[in-house]
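The file model_32.cif comes next; it holds mmCIF, C-alpha atoms and all ligand atoms.
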```
data_input
#
loop_
_atom_site.group_PDB
_atom_site.id
_atom_site.type_symbol
_atom_site.label_atom_id
_atom_site.label_comp_id
_atom_site.auth_asym_id
_atom_site.auth_seq_id
_atom_site.Cartn_x
_atom_site.Cartn_y
_atom_site.Cartn_z
ATOM 1 C CA MET A 190 24.955 -12.247 33.398
ATOM 2 C CA ALA A 191 22.606 -9.450 34.342
ATOM 3 C CA ALA A 192 20.140 -8.338 31.690
ATOM 4 C CA ARG A 193 21.181 -5.388 29.564
ATOM 5 C CA ARG A 194 19.501 -2.222 30.684
ATOM 6 C CA ALA A 195 17.347 -0.094 28.400
ATOM 7 C CA VAL A 196 15.831 3.314 29.077
ATOM 8 C CA VAL A 197 12.322 3.391 27.641
ATOM 9 C CA LEU A 198 10.356 6.602 27.160
ATOM 10 C CA LEU A 199 6.940 5.847 28.619
ATOM 11 C CA SER A 200 4.294 8.506 28.050
ATOM 12 C CA GLY A 201 1.389 6.329 29.104
ATOM 13 C CA GLY A 202 0.040 5.959 25.559
ATOM 14 C CA LEU A 203 -0.349 2.728 23.644
ATOM 15 C CA ASP A 204 2.731 3.293 21.472
ATOM 16 C CA SER A 205 5.122 3.739 24.380
ATOM 17 C CA ALA A 206 3.530 0.821 26.248
ATOM 18 C CA THR A 207 4.123 -1.394 23.207
ATOM 19 C CA ALA A 208 7.687 -0.095 22.874
ATOM 20 C CA PHE A 209 8.289 -0.994 26.526
ATOM 21 C CA ALA A 210 6.851 -4.479 26.043
ATOM 22 C CA THR A 211 9.123 -4.892 23.007
ATOM 23 C CA ALA A 212 12.190 -4.018 25.062
ATOM 24 C CA ARG A 213 11.185 -6.579 27.671
ATOM 25 C CA ALA A 214 10.534 -9.190 24.971
ATOM 26 C CA GLU A 215 14.086 -8.567 23.726
ATOM 27 C CA ASP A 216 15.335 -9.403 27.233
ATOM 28 C CA PHE A 217 16.204 -5.890 28.311
ATOM 29 C CA ALA A 218 15.723 -4.770 31.887
ATOM 30 C CA GLY A 219 13.418 -1.785 31.364
ATOM 31 C CA TYR A 220 13.950 1.605 32.992
ATOM 32 C CA ALA A 221 10.860 3.702 32.368
ATOM 33 C CA LEU A 222 11.190 7.457 31.905
ATOM 34 C CA SER A 223 8.192 9.800 31.922
ATOM 35 C CA PHE A 224 7.855 13.574 31.987
ATOM 36 C CA ASP A 225 5.552 15.769 33.971
ATOM 37 C CA TYR A 226 6.079 18.689 31.591
ATOM 38 C CA GLY A 227 2.979 20.741 32.178
ATOM 39 C CA GLN A 228 0.958 18.820 29.614
ATOM 40 C CA ARG A 229 -2.761 19.490 29.464
ATOM 41 C CA HIS A 230 -3.368 15.739 29.642
ATOM 42 C CA ASP A 231 -1.328 14.918 32.744
ATOM 43 C CA ARG A 232 -3.833 12.091 33.224
ATOM 44 C CA GLU A 233 -1.382 10.132 31.040
ATOM 45 C CA LEU A 234 1.102 10.072 33.935
ATOM 46 C CA ASP A 235 -1.272 7.923 36.025
ATOM 47 C CA SER A 236 -1.284 5.505 33.103
ATOM 48 C CA ALA A 237 2.498 5.639 32.843
ATOM 49 C CA ARG A 238 2.825 4.738 36.531
ATOM 50 C CA ARG A 239 0.424 1.809 36.247
ATOM 51 C CA LEU A 240 2.035 0.605 33.031
ATOM 52 C CA ALA A 241 5.523 0.768 34.521
ATOM 53 C CA THR A 242 4.387 -1.592 37.267
ATOM 54 C CA ALA A 243 2.374 -3.863 34.975
ATOM 55 C CA LEU A 244 5.170 -4.109 32.414
ATOM 56 C CA GLY A 245 7.819 -4.946 34.991
ATOM 57 C CA ALA A 246 9.934 -1.780 34.995
ATOM 58 C CA GLU A 247 13.046 -1.978 37.163
ATOM 59 C CA GLU A 248 12.595 1.704 37.961
ATOM 60 C CA HIS A 249 10.244 4.458 36.886
ATOM 61 C CA LEU A 250 11.566 7.999 36.838
ATOM 62 C CA VAL A 251 9.095 10.859 36.379
ATOM 63 C CA LEU A 252 11.018 14.054 35.660
ATOM 64 C CA ARG A 253 9.418 17.434 36.096
ATOM 65 C CA LEU A 254 10.018 19.988 33.354
ATOM 66 C CA ASP A 255 8.002 23.148 32.952
ATOM 67 C CA LEU A 256 7.358 23.291 29.222
ATOM 68 C CA ARG A 257 4.284 25.398 29.996
ATOM 69 C CA ALA A 258 6.723 28.251 30.630
ATOM 70 C CA VAL A 259 7.900 27.777 27.031
ATOM 71 C CA GLY A 260 4.390 27.296 25.608
ATOM 72 C CA GLY A 261 3.868 27.289 21.854
ATOM 73 C CA SER A 262 1.669 24.174 21.759
ATOM 74 C CA ALA A 263 -1.970 23.325 22.299
ATOM 75 C CA LEU A 264 -0.735 20.806 24.871
ATOM 76 C CA THR A 265 1.169 23.362 26.979
ATOM 77 C CA ALA A 266 -0.456 26.744 26.288
ATOM 78 C CA ASP A 267 -3.893 28.274 26.065
ATOM 79 C CA ILE A 268 -4.433 27.120 22.474
ATOM 80 C CA ALA A 269 -7.467 25.015 21.518
ATOM 81 C CA VAL A 270 -6.884 21.306 20.836
ATOM 82 C CA PRO A 271 -8.219 20.542 17.316
ATOM 83 C CA LYS A 272 -11.240 18.220 17.328
ATOM 84 C CA GLY A 273 -12.935 16.080 14.715
ATOM 85 C CA ARG A 274 -10.316 16.456 11.987
ATOM 86 C CA SER A 275 -10.377 14.159 8.951
ATOM 87 C CA ASP A 276 -7.682 11.508 8.359
ATOM 88 C CA GLN A 277 -6.426 13.655 5.523
ATOM 89 C CA ALA A 278 -6.207 16.778 7.678
ATOM 90 C CA ILE A 279 -4.381 14.835 10.414
ATOM 91 C CA GLY A 280 -1.934 13.549 7.799
ATOM 92 C CA THR A 281 -1.132 17.025 6.440
ATOM 93 C CA GLY A 282 1.209 19.567 8.000
ATOM 94 C CA ILE A 283 2.367 19.998 11.588
ATOM 95 C CA PRO A 284 -0.541 20.487 14.014
ATOM 96 C CA VAL A 285 -0.756 22.899 16.961
ATOM 97 C CA THR A 286 -0.424 19.929 19.335
ATOM 98 C CA TYR A 287 3.229 19.687 18.302
ATOM 99 C CA VAL A 288 5.308 20.515 21.394
ATOM 100 C CA PRO A 289 8.441 22.394 20.306
ATOM 101 C CA ALA A 290 11.457 20.073 20.313
ATOM 102 C CA ARG A 291 9.743 17.663 22.691
ATOM 103 C CA ASN A 292 11.401 14.445 21.577
ATOM 104 C CA THR A 293 14.816 16.130 21.585
ATOM 105 C CA ILE A 294 14.197 17.289 25.138
ATOM 106 C CA PHE A 295 12.958 13.839 26.170
ATOM 107 C CA LEU A 296 15.696 11.877 24.409
ATOM 108 C CA SER A 297 18.370 14.145 25.911
ATOM 109 C CA HIS A 298 17.168 13.238 29.384
ATOM 110 C CA ALA A 299 16.989 9.579 28.411
ATOM 111 C CA LEU A 300 20.566 9.823 27.160
ATOM 112 C CA ALA A 301 21.743 11.263 30.472
ATOM 113 C CA TRP A 302 20.021 8.544 32.466
ATOM 114 C CA ALA A 303 21.303 5.836 30.115
ATOM 115 C CA GLU A 304 24.863 7.020 30.668
ATOM 116 C CA VAL A 305 24.440 6.856 34.447
ATOM 117 C CA LEU A 306 22.825 3.402 34.206
ATOM 118 C CA GLU A 307 25.621 2.256 31.851
ATOM 119 C CA SER A 308 22.912 1.431 29.377
ATOM 120 C CA GLN A 309 23.586 1.433 25.642
ATOM 121 C CA ASP A 310 19.980 1.285 24.575
ATOM 122 C CA ILE A 311 17.080 3.730 24.484
ATOM 123 C CA PHE A 312 13.617 2.752 23.241
ATOM 124 C CA ILE A 313 11.137 5.294 21.939
ATOM 125 C CA GLY A 314 7.715 4.466 20.498
ATOM 126 C CA VAL A 315 7.745 6.947 17.629
ATOM 127 C CA ASN A 316 5.819 6.090 14.527
ATOM 128 C CA SER A 317 6.108 7.633 11.075
ATOM 129 C CA LEU A 318 3.013 6.171 9.400
ATOM 130 C CA ASP A 319 -0.160 6.778 11.415
ATOM 131 C CA TYR A 320 1.190 9.758 13.266
ATOM 132 C CA SER A 321 0.405 13.383 13.793
ATOM 133 C CA GLY A 322 2.931 14.984 11.469
ATOM 134 C CA TYR A 323 5.489 15.679 14.174
ATOM 135 C CA PRO A 324 8.958 16.245 12.656
ATOM 136 C CA ASP A 325 10.693 14.626 15.617
ATOM 137 C CA CYS A 326 9.050 11.262 14.919
ATOM 138 C CA ARG A 327 10.786 10.699 11.561
ATOM 139 C CA PRO A 328 13.523 8.068 10.989
ATOM 140 C CA GLU A 329 16.031 10.687 9.776
ATOM 141 C CA TYR A 330 15.572 12.627 12.995
ATOM 142 C CA ILE A 331 16.166 9.532 15.145
ATOM 143 C CA GLU A 332 19.279 8.572 13.132
ATOM 144 C CA ALA A 333 20.671 12.081 13.568
ATOM 145 C CA PHE A 334 19.992 12.014 17.314
ATOM 146 C CA GLU A 335 21.755 8.670 17.625
ATOM 147 C CA ARG A 336 24.830 10.042 15.833
ATOM 148 C CA MET A 337 24.799 13.102 18.078
ATOM 149 C CA ALA A 338 24.384 10.956 21.196
ATOM 150 C CA ASN A 339 27.551 9.008 20.427
ATOM 151 C CA LEU A 340 29.491 12.279 20.193
ATOM 152 C CA ALA A 341 27.901 13.740 23.300
ATOM 153 C CA THR A 342 28.643 11.278 26.071
ATOM 154 C CA ARG A 343 31.717 10.215 27.986
ATOM 155 C CA ALA A 344 30.840 6.591 27.285
ATOM 156 C CA GLY A 345 30.671 7.313 23.553
ATOM 157 C CA VAL A 346 33.888 9.338 23.332
ATOM 158 C CA GLU A 347 35.890 6.882 25.414
ATOM 159 C CA GLY A 348 34.698 4.142 23.072
ATOM 160 C CA ARG A 349 33.327 2.074 25.919
ATOM 161 C CA SER A 350 29.896 1.748 24.436
ATOM 162 C CA ARG A 351 27.845 2.658 21.452
ATOM 163 C CA LEU A 352 24.360 3.914 22.105
ATOM 164 C CA THR A 353 21.443 2.690 19.989
ATOM 165 C CA ILE A 354 18.067 4.391 19.762
ATOM 166 C CA HIS A 355 15.505 1.638 19.184
ATOM 167 C CA THR A 356 12.322 2.583 17.329
ATOM 168 C CA PRO A 357 10.453 -0.731 17.085
ATOM 169 C CA LEU A 358 7.226 0.903 15.900
ATOM 170 C CA ILE A 359 8.537 3.433 13.435
ATOM 171 C CA ARG A 360 7.296 1.693 10.299
ATOM 172 C CA LEU A 361 4.126 0.134 11.725
ATOM 173 C CA THR A 362 0.574 1.323 11.224
ATOM 174 C CA LYS A 363 -1.486 2.069 14.314
ATOM 175 C CA ALA A 364 -3.379 -1.177 13.735
ATOM 176 C CA GLN A 365 -0.108 -3.132 13.626
ATOM 177 C CA ILE A 366 1.020 -1.439 16.840
ATOM 178 C CA VAL A 367 -2.221 -2.434 18.567
ATOM 179 C CA GLN A 368 -1.787 -6.021 17.365
ATOM 180 C CA ARG A 369 1.878 -6.110 18.408
ATOM 181 C CA GLY A 370 1.012 -4.758 21.863
ATOM 182 C CA LEU A 371 -1.716 -7.331 22.270
ATOM 183 C CA ASP A 372 0.644 -10.138 21.207
ATOM 184 C CA LEU A 373 3.125 -8.927 23.843
ATOM 185 C CA GLY A 374 0.468 -8.878 26.550
ATOM 186 C CA VAL A 375 0.032 -5.115 26.942
ATOM 187 C CA ASP A 376 -3.121 -4.235 28.872
ATOM 188 C CA PHE A 377 -4.413 -1.352 26.723
ATOM 189 C CA GLY A 378 -6.970 -0.621 29.419
ATOM 190 C CA LEU A 379 -4.082 0.943 31.339
ATOM 191 C CA THR A 380 -3.035 3.260 28.483
ATOM 192 C CA TRP A 381 -4.121 6.820 27.854
ATOM 193 C CA SER A 382 -4.046 8.708 24.555
ATOM 194 C CA CYS A 383 -6.473 11.649 24.791
ATOM 195 C CA TYR A 384 -5.039 15.163 24.694
ATOM 196 C CA GLU A 385 -8.029 16.788 26.367
ATOM 197 C CA PRO A 386 -10.120 14.539 28.618
ATOM 198 C CA GLU A 387 -13.766 15.414 29.243
ATOM 199 C CA PRO A 388 -14.759 16.939 32.627
ATOM 200 C CA ASP A 389 -16.046 13.483 33.642
ATOM 201 C CA GLY A 390 -12.604 12.014 32.989
ATOM 202 C CA ARG A 391 -13.395 10.089 29.829
ATOM 203 C CA ALA A 392 -11.318 10.367 26.656
ATOM 204 C CA CYS A 393 -12.821 12.956 24.285
ATOM 205 C CA GLY A 394 -12.857 10.696 21.226
ATOM 206 C CA LEU A 395 -12.327 13.689 18.920
ATOM 207 C CA CYS A 396 -8.748 14.936 19.269
ATOM 208 C CA ASP A 397 -6.120 13.710 16.777
ATOM 209 C CA SER A 398 -4.729 11.276 19.328
ATOM 210 C CA CYS A 399 -8.148 9.769 20.088
ATOM 211 C CA LEU A 400 -8.943 9.525 16.364
ATOM 212 C CA LEU A 401 -5.661 7.776 15.528
ATOM 213 C CA ARG A 402 -6.230 5.394 18.412
ATOM 214 C CA ARG A 403 -9.775 4.631 17.276
ATOM 215 C CA LYS A 404 -8.568 4.008 13.714
ATOM 216 C CA GLY A 405 -5.893 1.642 15.013
ATOM 217 C CA PHE A 406 -8.311 -0.473 17.041
ATOM 218 C CA ALA A 407 -10.903 -0.444 14.244
ATOM 219 C CA GLU A 408 -8.412 -1.549 11.585
ATOM 220 C CA ALA A 409 -7.076 -4.256 13.898
ATOM 221 C CA GLY A 410 -10.657 -5.460 14.394
ATOM 222 C CA LEU A 411 -10.393 -4.993 18.155
ATOM 223 C CA ARG A 412 -12.379 -3.173 20.800
ATOM 224 C CA ASP A 413 -10.674 -0.378 22.718
ATOM 225 C CA PRO A 414 -11.031 -1.089 26.448
ATOM 226 C CA VAL A 415 -10.806 2.654 27.211
ATOM 227 C CA PRO A 416 -14.228 4.286 26.659
ATOM 228 C CA ALA A 417 -14.477 7.634 24.840
ATOM 229 C CA ALA A 418 -17.197 10.260 25.304
ATOM 230 C CA HIS A 419 -17.774 10.814 21.554
HETATM 231 ZN ZN ZN A 501 -9.128 12.988 22.882
#
```

Produce C-alpha cells that represent the structure in this file.
Ligand SMILES: [Zn+2]
Amino acid sequence: MAARRAVVLLSGGLDSATAFATARAEDFAGYALSFDYGQRHDRELDSARRLATALGAEEHLVLRLDLRAVGGSALTADIAVPKGRSDQAIGTGIPVTYVPARNTIFLSHALAWAEVLESQDIFIGVNSLDYSGYPDCRPEYIEAFERMANLATRAGVEGRSRLTIHTPLIRLTKAQIVQRGLDLGVDFGLTWSCYEPEPDGRACGLCDSCLLRRKGFAEAGLRDPVPAAH
C-alpha cells in the first residue's frame, strides 16, 4: 500500500523542518507547502527548497501570495522589526511581526491541496510555549480550524475522509524542538529563522525569531550551525 500523504507547511525555519521530519518518521509521504507572500525575510524560501529536498519531500509547492498588499505587519510592511527584546517582553502581548491571519491563510491553502491529493493529514509546526505570542499558534485555534476544515471540503461532507491537523511541536519548548529535530536527523544548517537578515546575509541575532532560536540551542546545550551577526 502506498504511504499516506501529508501536506506539511514548510517555512524554512527549524520548527517546520522538525514538523516535516516528524511526518516522515510517522511514515507519511510528505508534500511540502511554502509561501512566497512578500515576507521581508524571503531568504527563508531558499532554506525551504533545500529542506524539502533534504527531507525527502515528494513535491514542494511554493505559492505566491501578495500579503505585502495587505500589510499590517513588520514582516510585510514598512514597520521596524523589534530587536533585542527580553524573554519577558517576547512572551507578552502580540508583536508587530504578527502577520494578520497568516496561519489561517496558509492552512486554507494546505487544506485545498490536501483535498486534491486525497490526503487526510496536514502538519504544521506551531508551538505554544516558546513562541512569539501569535494567536494563530494556540491549540484552541488549531482545533477550531480542524473542525471548520471537516465542514468545508467535499471529502469531509461526503464522509469519505476526516482531516487531521497535526501539531507535533505544540507543547514542546524550543530546546525540545531542537533536540527532536536532531534526533530525527534534521540538518539545522539548512534552516533559516531570522526576520531581518544583515546586509552581508547573516542572521541578525537580535530579532524575536533569532532570540528564540538562540535560547532553544542554548537550553539544548547545542551549537547553532547558522552563524548570527550579533
Ligand atoms: Zn534575526

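Using only C-alpha atoms, the smallest distance between any of A:Ile279, A:Ala417, A:Leu296, A:Cys396 and Ser223 (chain A) comes from A:Leu296.
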
Find the residues of chain A that sit at most 6 Å from ligand ZN 501 (chain A); for each, write down the nearest two atoms and how far apart they are in Å, to one decimal. Count only C-alpha atoms and all ligand atoms. Sort by chain, then by number going up, and give it as CSV.
```
residue,atom,partner,partner_atom,distance
A:Cys383,CA,A:ZN501,ZN,3.5
A:Tyr384,CA,A:ZN501,ZN,5.0
A:Glu385,CA,A:ZN501,ZN,5.3
A:Ala392,CA,A:ZN501,ZN,5.1
A:Cys393,CA,A:ZN501,ZN,4.0
A:Gly394,CA,A:ZN501,ZN,4.7
A:Leu395,CA,A:ZN501,ZN,5.1
A:Cys396,CA,A:ZN501,ZN,4.1
A:Ser398,CA,A:ZN501,ZN,5.9
A:Cys399,CA,A:ZN501,ZN,4.4
```

Distance cut-off 12 Å, centre (14.2, 14.2, 20.4) in file coordinates, counting all atoms listed in the file: which residues qualify? Return them as a VMD selection string. chain A and resid 198 288 to 300 311 to 315 323 to 335 337 to 338 354

Specify as a PDB file with C-alpha atoms, in the coordinates of the input each residue included when the PyMOL selection byres (((chain A and resi 361) around 8) and not hetatm) is applied to this file.
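The resulting file, out.pdb, is reproduced below:
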```pdb
ATOM      1  CA  ASN A 316       5.819   6.090  14.527  1.00  0.00           C
ATOM      2  CA  SER A 317       6.108   7.633  11.075  1.00  0.00           C
ATOM      3  CA  LEU A 318       3.013   6.171   9.400  1.00  0.00           C
ATOM      4  CA  ASP A 319      -0.160   6.778  11.415  1.00  0.00           C
ATOM      5  CA  LEU A 358       7.226   0.903  15.900  1.00  0.00           C
ATOM      6  CA  ILE A 359       8.537   3.433  13.435  1.00  0.00           C
ATOM      7  CA  ARG A 360       7.296   1.693  10.299  1.00  0.00           C
ATOM      8  CA  THR A 362       0.574   1.323  11.224  1.00  0.00           C
ATOM      9  CA  LYS A 363      -1.486   2.069  14.314  1.00  0.00           C
ATOM     10  CA  ALA A 364      -3.379  -1.177  13.735  1.00  0.00           C
ATOM     11  CA  GLN A 365      -0.108  -3.132  13.626  1.00  0.00           C
ATOM     12  CA  ILE A 366       1.020  -1.439  16.840  1.00  0.00           C
TER      13      ILE A 366
END
```

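Counting only C-alpha atoms, Ala212 (chain A) has the following residues at most 9 Å away, ignoring those fewer than 6 positions along the same chain: A:Ala195, A:Val197, A:Ala218, A:Gly219, A:Phe312, A:His355, A:Pro357.
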
For this structure, which residues satisfy the selection - the PyMOL selection byres (((chain A and resi 350) around 9) and not hetatm) - when it is evaluated on the file as given? I want them as a VMD selection string. chain A and resid 307 to 309 339 344 to 349 351 to 352

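Residues matched by the PyMOL selection byres (((chain A and resi 282) around 10) and not hetatm) in this structure: Gln277, Ala278, Ile279, Gly280, Thr281, Ile283, Pro284, Val285, Ser321, Gly322, Tyr323 and Pro324 of chain A.
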
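Minimum distance to Ser236 (chain A) across A:Glu248, A:Asp267, A:Asp216, A:Asp376 (counting only C-alpha atoms) occurs at A:Asp376.
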
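Rounded to one decimal, CA of Leu222 (chain A) and CA of Thr342 (chain A) lie 18.8 Å from each other.
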
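We find CA of Asp255 (chain A) and CA of Ser205 (chain A) to be spaced 21.4 Å apart.
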
Rounded to one decimal in Å, what is the spacing between CA of Asp389 (chain A) and CA of Phe209 (chain A)? 29.2 Å

With only C-alpha atoms as the basis for distance, which of A:Ala301, A:Ala206, A:Gly260, A:Leu379 is at the shortest distance from Ala246 (chain A)? A:Ala206

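Closest approach to Val415 (chain A) among A:Leu373, A:Gly378, A:Ile268, A:Glu304: A:Gly378, based on all atoms listed in the file.
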
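Candidate residues A:Ala407, A:Val251, A:Ala258, A:Val270 were compared for distance to Arg238 (chain A), and the nearest is A:Val251, using all atoms listed in the file.
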
Min atom-atom distance to Lys404 (chain A) from the set A:Val196, A:Leu250, A:Ala208, A:Val367, counting only C-alpha atoms, belongs to A:Val367

Box centre and edge lengths (Å, one decimal), axis-aligned, region 204-210 of chain A plus 8 Å each side, as JSON:
```
{"center_x": 5.5, "center_y": -0.4, "center_z": 24.0, "size_x": 21.6, "size_y": 24.2, "size_z": 21.1}
```

Could I see region 400-410 of chain A restored to all heavy atoms, set down as a PDB file, in the frame of the given file?
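Saved result, selection.pdb, follows:
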```pdb
ATOM      1  N   LEU A 400      -8.521  10.009  17.685  1.00  0.00           N
ATOM      2  CA  LEU A 400      -8.943   9.525  16.364  1.00  0.00           C
ATOM      3  C   LEU A 400      -7.960   8.501  15.803  1.00  0.00           C
ATOM      4  O   LEU A 400      -8.365   7.490  15.226  1.00  0.00           O
ATOM      5  CB  LEU A 400      -9.112  10.701  15.400  1.00  0.00           C
ATOM      6  CG  LEU A 400     -10.284  11.645  15.743  1.00  0.00           C
ATOM      7  CD1 LEU A 400     -10.251  12.891  14.848  1.00  0.00           C
ATOM      8  CD2 LEU A 400     -11.631  10.940  15.615  1.00  0.00           C
ATOM      9  N   LEU A 401      -6.657   8.744  15.998  1.00  0.00           N
ATOM     10  CA  LEU A 401      -5.661   7.776  15.528  1.00  0.00           C
ATOM     11  C   LEU A 401      -5.786   6.468  16.296  1.00  0.00           C
ATOM     12  O   LEU A 401      -5.656   5.377  15.734  1.00  0.00           O
ATOM     13  CB  LEU A 401      -4.250   8.351  15.694  1.00  0.00           C
ATOM     14  CG  LEU A 401      -3.837   9.427  14.677  1.00  0.00           C
ATOM     15  CD1 LEU A 401      -2.540  10.094  15.101  1.00  0.00           C
ATOM     16  CD2 LEU A 401      -3.671   8.812  13.287  1.00  0.00           C
ATOM     17  N   ARG A 402      -6.057   6.590  17.581  1.00  0.00           N
ATOM     18  CA  ARG A 402      -6.230   5.394  18.412  1.00  0.00           C
ATOM     19  C   ARG A 402      -7.449   4.592  17.945  1.00  0.00           C
ATOM     20  O   ARG A 402      -7.376   3.365  17.785  1.00  0.00           O
ATOM     21  CB  ARG A 402      -6.396   5.823  19.878  1.00  0.00           C
ATOM     22  CG  ARG A 402      -6.608   4.663  20.839  1.00  0.00           C
ATOM     23  CD  ARG A 402      -6.792   5.191  22.272  1.00  0.00           C
ATOM     24  NE  ARG A 402      -7.072   4.105  23.180  1.00  0.00           N
ATOM     25  CZ  ARG A 402      -6.278   3.704  24.175  1.00  0.00           C
ATOM     26  NH1 ARG A 402      -5.158   4.342  24.414  1.00  0.00           N
ATOM     27  NH2 ARG A 402      -6.614   2.690  24.940  1.00  0.00           N
ATOM     28  N   ARG A 403      -8.547   5.317  17.707  1.00  0.00           N
ATOM     29  CA  ARG A 403      -9.775   4.631  17.276  1.00  0.00           C
ATOM     30  C   ARG A 403      -9.548   3.908  15.948  1.00  0.00           C
ATOM     31  O   ARG A 403      -9.972   2.771  15.757  1.00  0.00           O
ATOM     32  CB  ARG A 403     -10.900   5.657  17.130  1.00  0.00           C
ATOM     33  CG  ARG A 403     -12.213   5.048  16.652  1.00  0.00           C
ATOM     34  CD  ARG A 403     -13.330   6.042  16.726  1.00  0.00           C
ATOM     35  NE  ARG A 403     -13.608   6.443  18.103  1.00  0.00           N
ATOM     36  CZ  ARG A 403     -14.271   7.538  18.457  1.00  0.00           C
ATOM     37  NH1 ARG A 403     -14.725   8.368  17.540  1.00  0.00           N
ATOM     38  NH2 ARG A 403     -14.489   7.805  19.736  1.00  0.00           N
ATOM     39  N   LYS A 404      -8.856   4.592  15.031  1.00  0.00           N
ATOM     40  CA  LYS A 404      -8.568   4.008  13.714  1.00  0.00           C
ATOM     41  C   LYS A 404      -7.728   2.737  13.873  1.00  0.00           C
ATOM     42  O   LYS A 404      -7.968   1.731  13.213  1.00  0.00           O
ATOM     43  CB  LYS A 404      -7.816   5.059  12.891  1.00  0.00           C
ATOM     44  CG  LYS A 404      -7.392   4.665  11.503  1.00  0.00           C
ATOM     45  CD  LYS A 404      -6.935   5.939  10.748  1.00  0.00           C
ATOM     46  CE  LYS A 404      -6.320   5.637   9.406  1.00  0.00           C
ATOM     47  NZ  LYS A 404      -4.899   5.314   9.476  1.00  0.00           N
ATOM     48  N   GLY A 405      -6.761   2.794  14.785  1.00  0.00           N
ATOM     49  CA  GLY A 405      -5.893   1.642  15.013  1.00  0.00           C
ATOM     50  C   GLY A 405      -6.675   0.433  15.508  1.00  0.00           C
ATOM     51  O   GLY A 405      -6.533  -0.678  14.977  1.00  0.00           O
ATOM     52  N   PHE A 406      -7.511   0.640  16.509  1.00  0.00           N
ATOM     53  CA  PHE A 406      -8.311  -0.473  17.041  1.00  0.00           C
ATOM     54  C   PHE A 406      -9.289  -0.984  15.980  1.00  0.00           C
ATOM     55  O   PHE A 406      -9.468  -2.197  15.826  1.00  0.00           O
ATOM     56  CB  PHE A 406      -9.051  -0.060  18.314  1.00  0.00           C
ATOM     57  CG  PHE A 406      -8.218  -0.198  19.562  1.00  0.00           C
ATOM     58  CD1 PHE A 406      -7.508   0.880  20.064  1.00  0.00           C
ATOM     59  CD2 PHE A 406      -8.111  -1.412  20.223  1.00  0.00           C
ATOM     60  CE1 PHE A 406      -6.712   0.759  21.201  1.00  0.00           C
ATOM     61  CE2 PHE A 406      -7.333  -1.558  21.363  1.00  0.00           C
ATOM     62  CZ  PHE A 406      -6.632  -0.461  21.851  1.00  0.00           C
ATOM     63  N   ALA A 407      -9.913  -0.039  15.257  1.00  0.00           N
ATOM     64  CA  ALA A 407     -10.903  -0.444  14.244  1.00  0.00           C
ATOM     65  C   ALA A 407     -10.236  -1.286  13.155  1.00  0.00           C
ATOM     66  O   ALA A 407     -10.740  -2.349  12.780  1.00  0.00           O
ATOM     67  CB  ALA A 407     -11.567   0.794  13.637  1.00  0.00           C
ATOM     68  N   GLU A 408      -9.084  -0.826  12.670  1.00  0.00           N
ATOM     69  CA  GLU A 408      -8.412  -1.549  11.585  1.00  0.00           C
ATOM     70  C   GLU A 408      -7.844  -2.887  12.059  1.00  0.00           C
ATOM     71  O   GLU A 408      -7.684  -3.812  11.269  1.00  0.00           O
ATOM     72  CB  GLU A 408      -7.315  -0.681  10.966  1.00  0.00           C
ATOM     73  CG  GLU A 408      -7.903   0.468  10.125  1.00  0.00           C
ATOM     74  CD  GLU A 408      -6.853   1.407   9.545  1.00  0.00           C
ATOM     75  OE1 GLU A 408      -5.642   1.142   9.701  1.00  0.00           O
ATOM     76  OE2 GLU A 408      -7.266   2.418   8.953  1.00  0.00           O
ATOM     77  N   ALA A 409      -7.549  -2.982  13.355  1.00  0.00           N
ATOM     78  CA  ALA A 409      -7.076  -4.256  13.898  1.00  0.00           C
ATOM     79  C   ALA A 409      -8.248  -5.181  14.224  1.00  0.00           C
ATOM     80  O   ALA A 409      -8.050  -6.336  14.599  1.00  0.00           O
ATOM     81  CB  ALA A 409      -6.229  -4.001  15.146  1.00  0.00           C
ATOM     82  N   GLY A 410      -9.465  -4.659  14.103  1.00  0.00           N
ATOM     83  CA  GLY A 410     -10.657  -5.460  14.394  1.00  0.00           C
ATOM     84  C   GLY A 410     -10.816  -5.737  15.879  1.00  0.00           C
ATOM     85  O   GLY A 410     -11.374  -6.767  16.271  1.00  0.00           O
TER      86      GLY A 410
END
```
